[in-house]
Amino acid sequence: MFSVKYFSNPWRNVTSTFRKQVDHSGILSHFCAAAEESAKHPSKKHKETPNKQLKRERAPCQLMLKHFDRQYSCELGNLWTSAREVLLNPHSWQYGVMLNRFTAVSNVTQSLKSQGFFSILLQTEASSLLCDKPTESCLKQPRESGSVLSAECLSDDSNLQSDCESQCLQSEPSQSPLLQCYIHSHPLRFPSQAHRHGCLKQYYLLNAASLLPVLALQVKDGEKILDLCSAPGGKAIAIMQSCNPDLLCCNEPDPHRREWLAKTMESFLPPSLNSCVTVSAQDGRYFGQSEPSKYDKVLVDVPCSNDRSWLYSPGGLQRLRERAMLPALQTQLLKSALSAVRPGGTVVYSTCTLSRSENCAVVEAVLRSCPEAEPEDLWEELAVPFSEHFCFQCGQASPLQCGTMHPPDSRLGILVVPHPGKTWGPMFLSRIRRKV
Ligand SMILES: C[S@@+](CC[C@H](N)C(=O)[O-])C[C@H]1O[C@@H](n2cnc3c(N)ncnc32)[C@H](O)[C@@H]1O
């Protein structure tokens, strides 16, 4: 019988060659992706009293908001007005449901469809995107929902839980790689699944824009892939839905977040995969030196000033100081990723902030100092086909001064800007090929 024990989780065994621990002197602890975190634990929100929830959601940090207003009205113009409206209204936020191909999911898809969720990727088109083939459209028309919905969980997850148990133990999971994500046109929240001993989770809740960096990576069977900044592991799980890699190395230097990563692995991947999915604990800035030219693809989903969560977290002044330090760390991580990828391989750089200095400015700085790095335009490949669901903007090169920006240049990257009705993001992504 299938069984996973917490204490025997193979993903808690950090790959021995990577065991080097680094003193990150506080650099690590704060920079995390709390958007996924809050999506992962929506049930916590539902346990709060409505008053407490409203109070929390109505209290953005005024210092951060002022800072955003100054910076983003300059960098995004009118788009900031609509992004601001979304960020200040958590009730409007949408959530995606990524299915786990290592479990049977028919009961989940049935439940999703009955509530008006629809798949964001058509099966054949998802695989063509992942296989680097041209695609005319990868969109599916939203289903009619017919009723007005609120930002609440519509169904109790107890049925899904018990179904999960019987499905995991009795049905055949899919062996063929297939990334599947369901979304709803309204801010409807699907219930989270609690950790169940001996039972893989059937789905992962996330901001659907988080899948774009994985799609941009175009992972293929048999490749060696590095996820340089991996915890809590949402994108690593998405990579494992998309291909059967020879190796997926998930790197996370922060011990607590690495525990969380191991738990994600345990909840979503069968133990038989522990020979090809490894966990390492390096400071990503030095990864390129210790493993030069080893990987076909590298995802560098850097620590960033996560706009959604930072707007609501306390300690605004400290956050602003951290924000100023981030581009230097991000530049080092991206350079390290370019050293870890083989010549001809690709690196995808991503953040969940709108901030130009953590997005295009980092890419520009690295392109200036690495002549072997060549940016690849993602506009036609991802922004055009997904524009029905996400609001995109091209990357913007360094401003001469506020209001006199260079024309947008999608070779530097594309930005998902939250917009009413398309509340996904913020998410910036850029793909860079190492030429030699
Ligand atoms: C945005 S989060 C990654 C989210 C993850 N990719 C996912 O999809 O679930 C950034 C991660 O980078 C880690 N990090 C911070 N400094 C790092 C460094 N120097 N090297 C590698 N990772 C680092 C943080 O601890 C954090 O877990």
# chains A, B, ... in the order shown; residues from 1 in each chain; ligands from 1
>>> closest_atom_pairs(of="chain A", to="ligand 1", cutoff="6 Å", atoms="only C-alpha atoms and all ligand atoms", output="CSV")
residue,atom,partner,partner_atom_place_in_ligand_line,distance
A:Leu28,CA,ligand 1,15 (C),4.2
A:Phe31,CA,ligand 1,24 (C),5.6
A:Cys32,CA,ligand 1,2 (S),4.5
A:Ala33,CA,ligand 1,1 (C),4.4
A:Leu228,CA,ligand 1,21 (C),5.8
A:Cys229,CA,ligand 1,22 (N),3.9
A:Ser230,CA,ligand 1,6 (N),4.2
A:Ala231,CA,ligand 1,27 (O),4.2
A:Pro232,CA,ligand 1,9 (O),4.1
A:Gly233,CA,ligand 1,9 (O),3.8
A:Gly234,CA,ligand 1,9 (O),3.8
A:Lys235,CA,ligand 1,8 (O),3.9
A:Glu252,CA,ligand 1,22 (N),5.1
A:Pro253,CA,ligand 1,22 (N),5.6
A:Asp254,CA,ligand 1,25 (O),5.1
A:Arg257,CA,ligand 1,27 (O),5.8
A:Asp283,CA,ligand 1,20 (N),4.1
A:Gly284,CA,ligand 1,20 (N),3.4
A:Arg285,CA,ligand 1,19 (N),5.5
A:Asp301,CA,ligand 1,6 (N),4.9
A:Val302,CA,ligand 1,10 (C),4.8
A:Pro303,CA,ligand 1,10 (C),3.8
>>> residues_around(residues="Glu372 of chain A", least_positions_apart="5", cutoff="6 Å", atoms="only C-alpha atoms", output="PyMOL selection string")
chain A and resi 434-436
>>> residues_around(residues="segment 323-325 of chain A", least_positions_apart="5", cutoff="12 Å", atoms="only C-alpha atoms", output="PyMOL selection string")
chain A and resi 26-28+30-31+64+67-68+303-307+310+316-318+330-332+353+355-358
>>> write_last_selection(atoms="N, CA and C atoms", output="JSON list (two decimals), in the first residue's frame")
[["chain", "number", "residue", "atom", "x", "y", "z"],
["A", 26, "GLY", "N", 20.23, 37.43, 7.41],
["A", 26, "GLY", "CA", 18.93, 38.10, 7.30],
["A", 26, "GLY", "C", 18.47, 38.34, 5.87],
["A", 27, "ILE", "N", 19.33, 38.07, 4.90],
["A", 27, "ILE", "CA", 18.92, 38.35, 3.52],
["A", 27, "ILE", "C", 17.76, 37.45, 3.14],
["A", 28, "LEU", "N", 17.81, 36.20, 3.64],
["A", 28, "LEU", "CA", 16.86, 35.21, 3.16],
["A", 28, "LEU", "C", 15.46, 35.36, 3.74],
["A", 30, "HIS", "N", 13.19, 37.35, 4.79],
["A", 30, "HIS", "CA", 12.01, 38.18, 4.49],
["A", 30, "HIS", "C", 11.48, 38.06, 3.08],
["A", 31, "PHE", "N", 12.36, 37.63, 2.17],
["A", 31, "PHE", "CA", 11.98, 37.75, 0.77],
["A", 31, "PHE", "C", 11.27, 36.49, 0.31],
["A", 64, "MET", "N", 3.87, 52.12, 2.56],
["A", 64, "MET", "CA", 4.12, 51.34, 1.35],
["A", 64, "MET", "C", 3.23, 51.82, 0.20],
["A", 67, "HIS", "N", 4.55, 54.93, -1.24],
["A", 67, "HIS", "CA", 5.73, 54.61, -2.04],
["A", 67, "HIS", "C", 5.31, 54.02, -3.40],
["A", 68, "PHE", "N", 4.35, 53.09, -3.36],
["A", 68, "PHE", "CA", 3.84, 52.50, -4.61],
["A", 68, "PHE", "C", 3.25, 53.59, -5.50],
["A", 303, "PRO", "N", 13.90, 36.10, -4.80],
["A", 303, "PRO", "CA", 13.28, 36.84, -3.70],
["A", 303, "PRO", "C", 13.03, 38.26, -4.17],
["A", 304, "CYS", "N", 11.84, 38.78, -3.91],
["A", 304, "CYS", "CA", 11.50, 40.11, -4.42],
["A", 304, "CYS", "C", 10.57, 40.80, -3.44],
["A", 305, "SER", "N", 10.29, 42.07, -3.68],
["A", 305, "SER", "CA", 9.33, 42.76, -2.81],
["A", 305, "SER", "C", 7.92, 42.48, -3.33],
["A", 306, "ASN", "N", 7.44, 41.33, -2.94],
["A", 306, "ASN", "CA", 6.13, 40.83, -3.33],
["A", 306, "ASN", "C", 5.05, 41.89, -3.03],
["A", 307, "ASP", "N", 4.59, 42.57, -4.08],
["A", 307, "ASP", "CA", 3.72, 43.74, -3.86],
["A", 307, "ASP", "C", 2.45, 43.40, -3.09],
["A", 310, "TRP", "N", 3.52, 42.60, 0.64],
["A", 310, "TRP", "CA", 4.22, 43.69, 1.33],
["A", 310, "TRP", "C", 3.28, 44.86, 1.60],
["A", 316, "GLY", "N", 6.72, 48.90, 7.48],
["A", 316, "GLY", "CA", 6.91, 49.49, 6.16],
["A", 316, "GLY", "C", 8.31, 50.04, 5.91],
["A", 317, "LEU", "N", 8.86, 50.71, 6.95],
["A", 317, "LEU", "CA", 10.16, 51.35, 6.77],
["A", 317, "LEU", "C", 11.25, 50.31, 6.51],
["A", 318, "GLN", "N", 11.20, 49.22, 7.30],
["A", 318, "GLN", "CA", 12.16, 48.14, 7.14],
["A", 318, "GLN", "C", 12.00, 47.50, 5.76],
["A", 330, "GLN", "N", 19.33, 40.16, -6.68],
["A", 330, "GLN", "CA", 18.68, 39.56, -7.86],
["A", 330, "GLN", "C", 19.64, 39.50, -9.05],
["A", 331, "THR", "N", 20.45, 40.55, -9.21],
["A", 331, "THR", "CA", 21.43, 40.56, -10.30],
["A", 331, "THR", "C", 22.43, 39.42, -10.12],
["A", 332, "GLN", "N", 22.88, 39.24, -8.88],
["A", 332, "GLN", "CA", 23.85, 38.16, -8.63],
["A", 332, "GLN", "C", 23.21, 36.79, -8.90],
["A", 353, "THR", "N", 6.69, 41.35, -8.39],
["A", 353, "THR", "CA", 6.55, 42.78, -8.11],
["A", 353, "THR", "C", 6.40, 43.54, -9.42],
["A", 355, "SER", "N", 7.82, 46.42, -9.67],
["A", 355, "SER", "CA", 8.92, 47.39, -9.61],
["A", 355, "SER", "C", 9.94, 47.21, -10.75],
["A", 356, "ARG", "N", 10.11, 48.27, -11.54],
["A", 356, "ARG", "CA", 11.02, 48.20, -12.68],
["A", 356, "ARG", "C", 12.45, 47.90, -12.24],
["A", 357, "SER", "N", 12.84, 48.41, -11.07],
["A", 357, "SER", "CA", 14.23, 48.21, -10.66],
["A", 357, "SER", "C", 14.52, 46.74, -10.30],
["A", 358, "GLU", "N", 13.48, 45.95, -9.98],
["A", 358, "GLU", "CA", 13.69, 44.53, -9.72],
["A", 358, "GLU", "C", 13.40, 43.68, -10.97]]
>>> atom_distance(atom1="atom CA of Asn89 of chain A", atom2="atom CA of Ile120 of chain A")
23.7 Å
>>> closest_residue(among="A:Cys370, A:Arg433, A:Leu354, A:Met427", to="Leu76 of chain A", atoms="only C-alpha atoms")
A:Leu354
>>> residues_around(residues="Val348 of chain A", least_positions_apart="3", cutoff="12 Å", atoms="only C-alpha atoms", output="PyMOL selection string")
chain A and resi 211-219+225-229+235+296-302+333-335+337-338+341+345+351+359+363+373-378+412-414+428-434
>>> residues_around(residues="Gln202 of chain A", least_positions_apart="5", cutoff="6 Å", atoms="only C-alpha atoms", output="list in words")
Leu99, Asn100 and Thr103 of chain A
>>> select_by_dssp(residues="segment 248-296 of chain A", states="strand (DSSP E or B)", output="list in words")
Leu248, Cys249, Cys250, Asn251, Val277, Thr278, Val279, Ser280, Tyr295 and Asp296 of chain A
>>> residues_around(residues="segment 174-178 of chain A", least_positions_apart="4", cutoff="7 Å", atoms="only C-alpha atoms", output="CSV table (one decimal) with N, CA and C atoms, in the first residue's frame")
chain,number,residue,atom,x,y,z
A,101,ARG,N,-1.0,15.6,-11.6
A,101,ARG,CA,-1.2,14.4,-12.5
A,101,ARG,C,-0.8,13.1,-11.8
A,102,PHE,N,-0.1,13.2,-10.6
A,102,PHE,CA,0.3,12.0,-9.9
A,102,PHE,C,-0.8,11.4,-9.1
A,127,SER,N,0.4,21.2,-24.2
A,127,SER,CA,1.6,20.4,-24.5
A,127,SER,C,2.4,21.0,-25.7
A,241,GLN,N,4.6,18.7,-13.4
A,241,GLN,CA,3.4,18.4,-14.2
A,241,GLN,C,3.6,18.5,-15.7
A,242,SER,N,4.7,19.2,-16.0
A,242,SER,CA,4.9,19.5,-17.5
A,242,SER,C,5.8,18.6,-18.2
A,243,CYS,N,6.6,17.8,-17.5
A,243,CYS,CA,7.6,17.0,-18.1
A,243,CYS,C,8.1,15.9,-17.2
A,244,ASN,N,8.9,14.9,-17.7
A,244,ASN,CA,9.6,13.9,-16.9
A,244,ASN,C,11.0,14.2,-17.0
>>> closest_residue(among="A:His195, A:Val86, A:Pro418, A:Lys220", to="Lys263 of chain A", atoms="only C-alpha atoms")
A:His195
